[in-house]
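Contents: one structure, followed by commentary.
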Amino acid sequence: MSSDRIQAFRLDGRTLVRLIDAAPRDADAVRARLGLRPLDDQADGDTRPDLTIRYVDDLGLRGPLRMVGRDEGAYTDDAFVERRNGQPVGIVPLERIGIDDAEIVMVRGSGPPRRLVSLLNLAVLGHGRVALHGSAVVLRDRGIAAVGWSGSGKTDVLLGFMARGALAVGDEWLHATPGDGRVVGLPTPVRVEAHHIRQLPALRDRIPMTARAAMEVSGVLERGGRAVASAGGRIGARRYVDVAPAKLFGGDRLAGSADLDVVVLLEPAAADTVDVEVVPVEATEIARRLAFAHVHHRRSLLQWYWQGRYAFPERANPLLDDNGTVECERLIATFAGRRTFRARYGPSADIATMIDAIEAAVR
């Protein structure tokens, strides 16, 4: 191997992202996105990475830079290019992500490509695994995953179970290998919102003081037993804070991975016709729904991809063209043999009521 400096971001024995010749700020930016610490390593003795990002001083672009519309997509004679502030910062071969050992090239100091997690999830799919948009915990030796559309309450379930002594596996994105019955959590920060702190007051002491003060300024938290008036857009006001799992829960409360015993599809109701209702549902129904939730979640990546197809119509990526078919098949295989439920809840249902109902159903 060459003398290039190689850093690996590993999870559960797999190399998710490999960096080559990254500046410290590049590695720090990837760490912030993934929640993982980089390890120095040599590629010859390492596992095959899902994504490789090589950093250079000059992209070596050939031909004039042509824009696709007015956003960040652009292209040259032979490359699709990411732009920021009008300047080219990377070459992203979208047609090869998840298909072969594609290498993304970025200008040193520019950090990772903007859609790093979506690109990683696509690469994971191409390498025989699947990402799950959900949260997961271990409660009394059982692995419970909550999945669903963005904003369906996955973090509510995670925090609710953690308040009852569970161990955290992950929030936002989980990885699974069909057939092995396990999920691994990507340790990205947990987004704690004001309603979480109001319903689970013990969280307050786990929030950094500066972030808590900003939430108080926004009027979404109480200070000294009374509501703080809304700041109406004042600088520093925030309605949420992202907290690293180890800081939020403590290092001894992190499981990292778990057997996947129970899968719960979260379904918010539009009106209080039901408090919380948890009933068994077919695993295939959850898989089919979740596959389309994943397609929706990577819509900005798809927009980028279609810009790349505009520039180079012949450069197709079958994983992005199949509308979630491969993903659905992987999800069906992942959920096979698990206990699967649908949890429907009304707008006024609180976290404790939701956890009570889920616990009662899966007991």
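Labels for the structure tokens follow display order: chains A, B, ..., residues from 1 in each chain, ligands from 1.
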
Secondary structure check, helix (DSSP H, G or I) residues of segment 37-245 of chain A, as an NGL selection string: :A and (43-45 or 116-126 or 154-162 or 194-199 or 201-206 or 209-217 or 245)

Hey, can you spit out that residue selection with N, CA and C atoms as a CSV table (one decimal), in the first residue's frame?
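Output file out-v4.csv follows:
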chain,number,residue,atom,x,y,z
A,43,ALA,N,-5.3,-0.2,4.4
A,43,ALA,CA,-6.4,-0.8,3.7
A,43,ALA,C,-6.2,-2.3,3.5
A,44,ASP,N,-4.9,-2.7,3.4
A,44,ASP,CA,-4.6,-4.1,3.1
A,44,ASP,C,-5.0,-5.0,4.2
A,45,GLY,N,-5.0,-4.5,5.4
A,45,GLY,CA,-5.4,-5.4,6.6
A,45,GLY,C,-6.8,-5.1,7.1
A,116,LEU,N,-23.9,12.4,2.9
A,116,LEU,CA,-23.0,11.2,3.3
A,116,LEU,C,-23.8,10.1,3.8
A,117,VAL,N,-24.8,10.3,4.7
A,117,VAL,CA,-25.5,9.2,5.3
A,117,VAL,C,-26.4,8.5,4.2
A,118,SER,N,-27.0,9.2,3.3
A,118,SER,CA,-27.8,8.6,2.2
A,118,SER,C,-26.9,7.8,1.3
A,119,LEU,N,-25.7,8.4,1.0
A,119,LEU,CA,-24.8,7.6,0.2
A,119,LEU,C,-24.3,6.3,0.9
A,120,LEU,N,-24.1,6.4,2.2
A,120,LEU,CA,-23.7,5.2,2.9
A,120,LEU,C,-24.8,4.2,2.9
A,121,ASN,N,-26.0,4.6,3.2
A,121,ASN,CA,-27.1,3.6,3.2
A,121,ASN,C,-27.3,3.0,1.8
A,122,LEU,N,-27.0,3.7,0.7
A,122,LEU,CA,-27.1,3.1,-0.6
A,122,LEU,C,-26.0,2.1,-0.8
A,123,ALA,N,-24.8,2.4,-0.3
A,123,ALA,CA,-23.7,1.5,-0.4
A,123,ALA,C,-23.9,0.2,0.4
A,124,VAL,N,-24.5,0.4,1.6
A,124,VAL,CA,-24.8,-0.7,2.5
A,124,VAL,C,-25.8,-1.7,1.7
A,125,LEU,N,-26.7,-1.1,1.1
A,125,LEU,CA,-27.7,-1.9,0.3
A,125,LEU,C,-27.0,-2.7,-0.8
A,126,GLY,N,-26.1,-2.0,-1.5
A,126,GLY,CA,-25.4,-2.7,-2.5
A,126,GLY,C,-24.4,-3.8,-2.1
A,154,LYS,N,-40.2,7.8,16.5
A,154,LYS,CA,-39.2,6.8,16.8
A,154,LYS,C,-38.3,7.2,18.0
A,155,THR,N,-38.0,8.5,18.0
A,155,THR,CA,-37.2,9.0,19.2
A,155,THR,C,-38.0,9.0,20.5
A,156,ASP,N,-39.3,9.3,20.4
A,156,ASP,CA,-40.1,9.2,21.6
A,156,ASP,C,-40.1,7.8,22.2
A,157,VAL,N,-40.1,6.8,21.3
A,157,VAL,CA,-40.1,5.4,21.8
A,157,VAL,C,-38.7,5.1,22.4
A,158,LEU,N,-37.7,5.5,21.7
A,158,LEU,CA,-36.3,5.3,22.3
A,158,LEU,C,-36.2,5.9,23.7
A,159,LEU,N,-36.5,7.2,23.8
A,159,LEU,CA,-36.4,7.9,25.1
A,159,LEU,C,-37.3,7.3,26.2
A,160,GLY,N,-38.5,6.9,25.7
A,160,GLY,CA,-39.5,6.3,26.7
A,160,GLY,C,-38.9,5.0,27.3
A,161,PHE,N,-38.4,4.1,26.4
A,161,PHE,CA,-37.8,2.9,26.9
A,161,PHE,C,-36.6,3.1,27.7
A,162,MET,N,-35.8,4.1,27.3
A,162,MET,CA,-34.6,4.4,28.1
A,162,MET,C,-34.9,4.8,29.5
A,194,ALA,N,-38.3,19.7,22.9
A,194,ALA,CA,-38.9,20.3,24.1
A,194,ALA,C,-39.9,19.3,24.8
A,195,HIS,N,-40.7,18.7,23.9
A,195,HIS,CA,-41.8,17.8,24.5
A,195,HIS,C,-41.2,16.6,25.2
A,196,HIS,N,-40.0,16.2,24.7
A,196,HIS,CA,-39.3,15.1,25.4
A,196,HIS,C,-38.9,15.5,26.8
A,197,ILE,N,-38.4,16.7,26.9
A,197,ILE,CA,-37.9,17.1,28.3
A,197,ILE,C,-39.1,17.4,29.2
A,198,ARG,N,-40.2,17.9,28.6
A,198,ARG,CA,-41.4,18.2,29.5
A,198,ARG,C,-41.9,16.9,30.0
A,199,GLN,N,-42.0,15.8,29.2
A,199,GLN,CA,-42.5,14.5,29.6
A,199,GLN,C,-41.5,13.6,30.4
A,201,PRO,N,-38.6,14.6,32.5
A,201,PRO,CA,-37.8,15.7,33.1
A,201,PRO,C,-36.3,15.3,33.4
A,202,ALA,N,-36.1,14.0,33.7
A,202,ALA,CA,-34.7,13.6,34.0
A,202,ALA,C,-33.7,13.9,32.8
A,203,LEU,N,-34.3,14.1,31.6
A,203,LEU,CA,-33.4,14.4,30.5
A,203,LEU,C,-32.8,15.8,30.6
A,204,ARG,N,-33.4,16.7,31.3
A,204,ARG,CA,-33.0,18.1,31.4
A,204,ARG,C,-31.5,18.1,31.9
A,205,ASP,N,-31.2,17.3,32.9
A,205,ASP,CA,-29.8,17.4,33.4
A,205,ASP,C,-28.8,16.8,32.5
A,206,ARG,N,-29.2,16.1,31.4
A,206,ARG,CA,-28.3,15.5,30.5
A,206,ARG,C,-28.1,16.4,29.3
A,209,MET,N,-25.7,22.8,29.3
A,209,MET,CA,-26.4,24.0,29.8
A,209,MET,C,-26.6,25.1,28.8
A,210,THR,N,-25.7,25.3,27.8
A,210,THR,CA,-25.9,26.3,26.8
A,210,THR,C,-27.0,26.0,25.9
A,211,ALA,N,-27.2,24.7,25.6
A,211,ALA,CA,-28.3,24.3,24.7
A,211,ALA,C,-29.6,24.4,25.4
A,212,ARG,N,-29.6,24.0,26.7
A,212,ARG,CA,-30.8,24.1,27.5
A,212,ARG,C,-31.3,25.6,27.6
A,213,ALA,N,-30.3,26.5,27.8
A,213,ALA,CA,-30.6,27.9,27.9
A,213,ALA,C,-31.2,28.4,26.6
A,214,ALA,N,-30.7,27.9,25.5
A,214,ALA,CA,-31.2,28.4,24.2
A,214,ALA,C,-32.7,27.9,24.0
A,215,MET,N,-33.0,26.7,24.5
A,215,MET,CA,-34.3,26.2,24.4
A,215,MET,C,-35.3,27.0,25.3
A,216,GLU,N,-34.7,27.4,26.5
A,216,GLU,CA,-35.5,28.2,27.4
A,216,GLU,C,-35.8,29.6,26.7
A,217,VAL,N,-34.8,30.2,26.1
A,217,VAL,CA,-35.0,31.4,25.4
A,217,VAL,C,-36.1,31.3,24.3
A,245,PRO,N,-25.2,10.0,22.0
A,245,PRO,CA,-25.8,9.0,22.9
A,245,PRO,C,-25.1,8.8,24.2

Tell me, as a short mmCIF file (atom, residue, chain, number, x, y, z; two decimals) with C-alpha atoms, in the first residue's frame, which residues lie within 12 Å of Val279 of chain A, counting only C-alpha atoms; anything in the same chain fewer than 2 positions away does not count.
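Generated output (selection35.cif):
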data_model
loop_
_atom_site.label_atom_id
_atom_site.label_comp_id
_atom_site.auth_asym_id
_atom_site.auth_seq_id
_atom_site.Cartn_x
_atom_site.Cartn_y
_atom_site.Cartn_z
CA VAL A 263 -40.47 -4.63 15.20
CA VAL A 264 -43.09 -1.93 15.77
CA LEU A 265 -44.40 0.22 12.93
CA LEU A 266 -45.40 3.63 14.31
CA GLU A 267 -48.53 5.21 12.85
CA VAL A 276 -52.73 4.03 21.73
CA GLU A 277 -53.55 0.79 19.93
CA VAL A 281 -49.36 -6.92 11.68
CA GLU A 282 -47.72 -8.90 8.90
CA ARG A 339 -42.77 -10.42 16.17
CA THR A 340 -44.21 -7.48 14.24
CA PHE A 341 -46.76 -4.91 15.39
CA ARG A 342 -48.40 -1.66 14.37
CA ALA A 343 -48.72 1.05 17.03
CA ARG A 344 -51.38 3.65 16.19
CA TYR A 345 -51.69 6.60 18.53
CA ALA A 357 -49.13 -0.07 25.32
CA ILE A 358 -46.09 -1.36 23.44
CA GLU A 359 -44.78 -3.20 26.52
CA ALA A 360 -48.17 -4.80 27.14
CA ALA A 361 -48.43 -6.01 23.53
CA VAL A 362 -44.93 -7.44 23.19
#

Pick from A:Ala287, A:Val192, A:Met67, A:Ile99, whichever lies nearest to Glu327 of chain A using only C-alpha atoms: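 Checking each candidate against Glu327 of chain A, we get A:Ala287 as the closest.
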
Residues within 8 Å of Arg338 of chain A, only C-alpha atoms, excluding chain neighbours under 5 positions, as a ChimeraX atom specification: /A:260-263,283

10 Å contact set for Ser348 of chain A, only C-alpha atoms, chain neighbours under 6 positions out, as a ChimeraX atom specification: /A:269,271-272,274-276

All strand (DSSP E or B) residues (DSSP, backbone) inside segment 81-308 of chain A, as number ranges by chain: A: 81-84, 87-91, 97, 100, 103-107, 130-139, 142-147, 167-170, 173-176, 182-185, 190-193, 222-223, 226-227, 240-243, 254, 257-259, 262-268, 276-280

Convert the current residue selection to file output with C-alpha atoms, as a PDB file, in the first residue's frame.
ATOM      1  CA  VAL A  81     -19.329  17.460  -9.587  1.00  0.00           C
ATOM      2  CA  GLU A  82     -20.610  18.792  -6.280  1.00  0.00           C
ATOM      3  CA  ARG A  83     -20.413  22.577  -5.984  1.00  0.00           C
ATOM      4  CA  ARG A  84     -20.519  24.750  -2.879  1.00  0.00           C
ATOM      5  CA  GLN A  87     -16.893  26.235  -6.445  1.00  0.00           C
ATOM      6  CA  PRO A  88     -16.326  22.543  -7.316  1.00  0.00           C
ATOM      7  CA  VAL A  89     -15.489  20.551  -4.171  1.00  0.00           C
ATOM      8  CA  GLY A  90     -15.963  16.914  -5.149  1.00  0.00           C
ATOM      9  CA  ILE A  91     -16.464  14.233  -7.782  1.00  0.00           C
ATOM     10  CA  ILE A  97     -22.236   3.789  -5.314  1.00  0.00           C
ATOM     11  CA  ASP A 100     -18.707  -1.551  -7.161  1.00  0.00           C
ATOM     12  CA  GLU A 103     -14.280   6.171  -4.763  1.00  0.00           C
ATOM     13  CA  ILE A 104     -15.571   9.660  -4.020  1.00  0.00           C
ATOM     14  CA  VAL A 105     -12.968  12.384  -4.484  1.00  0.00           C
ATOM     15  CA  MET A 106     -13.182  15.575  -2.438  1.00  0.00           C
ATOM     16  CA  VAL A 107     -11.050  18.690  -2.125  1.00  0.00           C
ATOM     17  CA  VAL A 130     -30.027  -2.881   4.570  1.00  0.00           C
ATOM     18  CA  ALA A 131     -30.512   0.307   6.574  1.00  0.00           C
ATOM     19  CA  LEU A 132     -33.616   0.734   8.737  1.00  0.00           C
ATOM     20  CA  HIS A 133     -35.037   4.175   9.464  1.00  0.00           C
ATOM     21  CA  GLY A 134     -35.804   3.608  13.109  1.00  0.00           C
ATOM     22  CA  SER A 135     -34.680   3.441  16.712  1.00  0.00           C
ATOM     23  CA  ALA A 136     -33.883   0.352  18.747  1.00  0.00           C
ATOM     24  CA  VAL A 137     -33.372  -0.637  22.377  1.00  0.00           C
ATOM     25  CA  VAL A 138     -32.702  -3.729  24.433  1.00  0.00           C
ATOM     26  CA  LEU A 139     -35.267  -4.196  27.194  1.00  0.00           C
ATOM     27  CA  ARG A 142     -35.189  -8.359  23.981  1.00  0.00           C
ATOM     28  CA  GLY A 143     -34.316  -6.172  21.041  1.00  0.00           C
ATOM     29  CA  ILE A 144     -37.179  -3.833  20.100  1.00  0.00           C
ATOM     30  CA  ALA A 145     -37.049  -1.654  16.982  1.00  0.00           C
ATOM     31  CA  ALA A 146     -39.502   1.173  16.229  1.00  0.00           C
ATOM     32  CA  VAL A 147     -39.693   2.118  12.542  1.00  0.00           C
ATOM     33  CA  LEU A 167     -30.125  -0.029  26.707  1.00  0.00           C
ATOM     34  CA  ALA A 168     -29.841   2.113  23.569  1.00  0.00           C
ATOM     35  CA  VAL A 169     -28.945   0.440  20.282  1.00  0.00           C
ATOM     36  CA  GLY A 170     -29.431   3.430  17.997  1.00  0.00           C
ATOM     37  CA  TRP A 173     -30.494   4.680  11.359  1.00  0.00           C
ATOM     38  CA  LEU A 174     -29.958   0.988  12.055  1.00  0.00           C
ATOM     39  CA  HIS A 175     -28.101  -1.521   9.874  1.00  0.00           C
ATOM     40  CA  ALA A 176     -29.126  -5.157   9.453  1.00  0.00           C
ATOM     41  CA  ARG A 182     -29.446  -8.622  14.480  1.00  0.00           C
ATOM     42  CA  VAL A 183     -29.493  -4.852  14.164  1.00  0.00           C
ATOM     43  CA  VAL A 184     -26.603  -2.456  14.698  1.00  0.00           C
ATOM     44  CA  GLY A 185     -27.155   1.190  15.555  1.00  0.00           C
ATOM     45  CA  VAL A 190     -30.191  11.922  19.373  1.00  0.00           C
ATOM     46  CA  ARG A 191     -32.461  14.897  18.649  1.00  0.00           C
ATOM     47  CA  VAL A 192     -34.072  15.855  21.961  1.00  0.00           C
ATOM     48  CA  GLU A 193     -37.061  18.158  21.566  1.00  0.00           C
ATOM     49  CA  GLU A 222     -39.884  26.248  31.619  1.00  0.00           C
ATOM     50  CA  ARG A 223     -37.441  28.001  33.853  1.00  0.00           C
ATOM     51  CA  ARG A 226     -42.891  29.053  34.976  1.00  0.00           C
ATOM     52  CA  ALA A 227     -43.021  29.239  31.207  1.00  0.00           C
ATOM     53  CA  TYR A 240     -34.338  21.040  19.997  1.00  0.00           C
ATOM     54  CA  VAL A 241     -30.784  19.920  20.717  1.00  0.00           C
ATOM     55  CA  ASP A 242     -28.734  17.066  19.258  1.00  0.00           C
ATOM     56  CA  VAL A 243     -26.903  15.115  21.962  1.00  0.00           C
ATOM     57  CA  LEU A 254     -25.286   1.725  25.175  1.00  0.00           C
ATOM     58  CA  SER A 257     -26.254  -3.988  18.622  1.00  0.00           C
ATOM     59  CA  ALA A 258     -29.027  -6.413  19.535  1.00  0.00           C
ATOM     60  CA  ASP A 259     -30.991  -9.418  18.396  1.00  0.00           C
ATOM     61  CA  VAL A 262     -39.719  -7.179  17.931  1.00  0.00           C
ATOM     62  CA  VAL A 263     -40.473  -4.632  15.203  1.00  0.00           C
ATOM     63  CA  VAL A 264     -43.092  -1.927  15.771  1.00  0.00           C
ATOM     64  CA  LEU A 265     -44.395   0.223  12.932  1.00  0.00           C
ATOM     65  CA  LEU A 266     -45.403   3.628  14.308  1.00  0.00           C
ATOM     66  CA  GLU A 267     -48.533   5.214  12.849  1.00  0.00           C
ATOM     67  CA  PRO A 268     -49.710   8.579  14.213  1.00  0.00           C
ATOM     68  CA  VAL A 276     -52.732   4.029  21.725  1.00  0.00           C
ATOM     69  CA  GLU A 277     -53.548   0.788  19.929  1.00  0.00           C
ATOM     70  CA  VAL A 278     -50.873  -1.854  19.371  1.00  0.00           C
ATOM     71  CA  VAL A 279     -51.879  -4.858  17.253  1.00  0.00           C
ATOM     72  CA  PRO A 280     -50.005  -7.603  15.366  1.00  0.00           C
TER      73      PRO A 280
END

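Nearest to Lys247 of chain A of all the residues A:Gly109, A:Pro187, A:Glu285, A:Gly69 is A:Pro187, based on only C-alpha atoms.
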
Residue nearest Leu290 of chain A among A:Asn85, A:Thr325, A:Gln303, A:Thr47 (counting only C-alpha atoms):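 Under the stated criterion, the closest residue is A:Thr325.
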
Counting only C-alpha atoms, the option among A:Leu248, A:Ala311, A:Ile351, A:Ile332 closest to Thr76 of chain A: A:Ala311

Residues near Tyr305 of chain A, cut-off 10 Å, only C-alpha atoms, skip fewer than 2 positions along chain, as a ChimeraX atom specification: /A:73,80,92-95,299-303,307-311,315-317,320-321

Exercise: Arg108 of chain A partners within 6 Å, only C-alpha atoms, chain neighbours under 4 positions left out, as a list in words: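 The residues satisfying every condition are Tyr55, Val56 and Asp57 of chain A.
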
Can you spit out the residues from that selection as an mmCIF file, in the first residue's frame, using all heavy atoms?
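Here's the written file again-v2.cif:
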data_model
loop_
_atom_site.group_PDB
_atom_site.id
_atom_site.type_symbol
_atom_site.label_atom_id
_atom_site.label_comp_id
_atom_site.auth_asym_id
_atom_site.auth_seq_id
_atom_site.Cartn_x
_atom_site.Cartn_y
_atom_site.Cartn_z
ATOM 1 N N TYR A 55 -9.113 12.386 -0.514
ATOM 2 C CA TYR A 55 -8.972 13.841 -0.493
ATOM 3 C C TYR A 55 -7.732 14.261 -1.276
ATOM 4 O O TYR A 55 -6.663 13.647 -1.160
ATOM 5 C CB TYR A 55 -8.898 14.340 0.955
ATOM 6 C CG TYR A 55 -10.232 14.245 1.648
ATOM 7 C CD1 TYR A 55 -10.608 13.080 2.318
ATOM 8 C CD2 TYR A 55 -11.151 15.287 1.588
ATOM 9 C CE1 TYR A 55 -11.856 12.970 2.925
ATOM 10 C CE2 TYR A 55 -12.386 15.194 2.183
ATOM 11 C CZ TYR A 55 -12.737 14.029 2.856
ATOM 12 O OH TYR A 55 -13.968 13.937 3.447
ATOM 13 N N VAL A 56 -7.917 15.292 -2.079
ATOM 14 C CA VAL A 56 -6.838 15.786 -2.942
ATOM 15 C C VAL A 56 -6.804 17.307 -2.871
ATOM 16 O O VAL A 56 -7.763 17.947 -2.440
ATOM 17 C CB VAL A 56 -7.060 15.338 -4.408
ATOM 18 C CG1 VAL A 56 -7.014 13.809 -4.531
ATOM 19 C CG2 VAL A 56 -8.386 15.871 -4.954
ATOM 20 N N ASP A 57 -5.694 17.853 -3.326
ATOM 21 C CA ASP A 57 -5.581 19.314 -3.384
ATOM 22 C C ASP A 57 -6.250 19.880 -4.627
ATOM 23 O O ASP A 57 -6.723 21.016 -4.631
ATOM 24 C CB ASP A 57 -4.108 19.725 -3.361
ATOM 25 C CG ASP A 57 -3.460 19.435 -2.013
ATOM 26 O OD1 ASP A 57 -4.144 19.588 -0.984
ATOM 27 O OD2 ASP A 57 -2.274 19.042 -1.998
#

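Straight-line separation from atom CA of Ile6 of chain A to atom CA of Ile53 of chain A: 10.0 Å.
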
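Using only C-alpha atoms, the shortest contact distance between Arg140 of chain A and any of A:Ile286, A:Ala166, A:Cys328, A:Ile20 is found at A:Ala166.
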
Distance in Å - atom CA of Pro113 of chain A versus atom CA of Trp304 of chain A: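 So the two atoms, atom CA of Pro113 of chain A and atom CA of Trp304 of chain A, lie 11.6 Å apart.
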
Atomic distance atom CA of Gln7 of chain A - atom CA of Glu172 of chain A, expressed in Å with one decimal: 24.3 Å

Residue nearest Gly337 of chain A - candidates A:Ser152, A:Pro64, A:Pro178, A:Ala244, atoms counted: only C-alpha atoms: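 When distances to Gly337 of chain A are compared using only C-alpha atoms, the smallest one comes from A:Pro178.
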
Spatial neighbours of Arg62 of chain A, 9 Å, only C-alpha atoms, chain gap at least 5 places, as an NGL selection string: :A and (76-79)
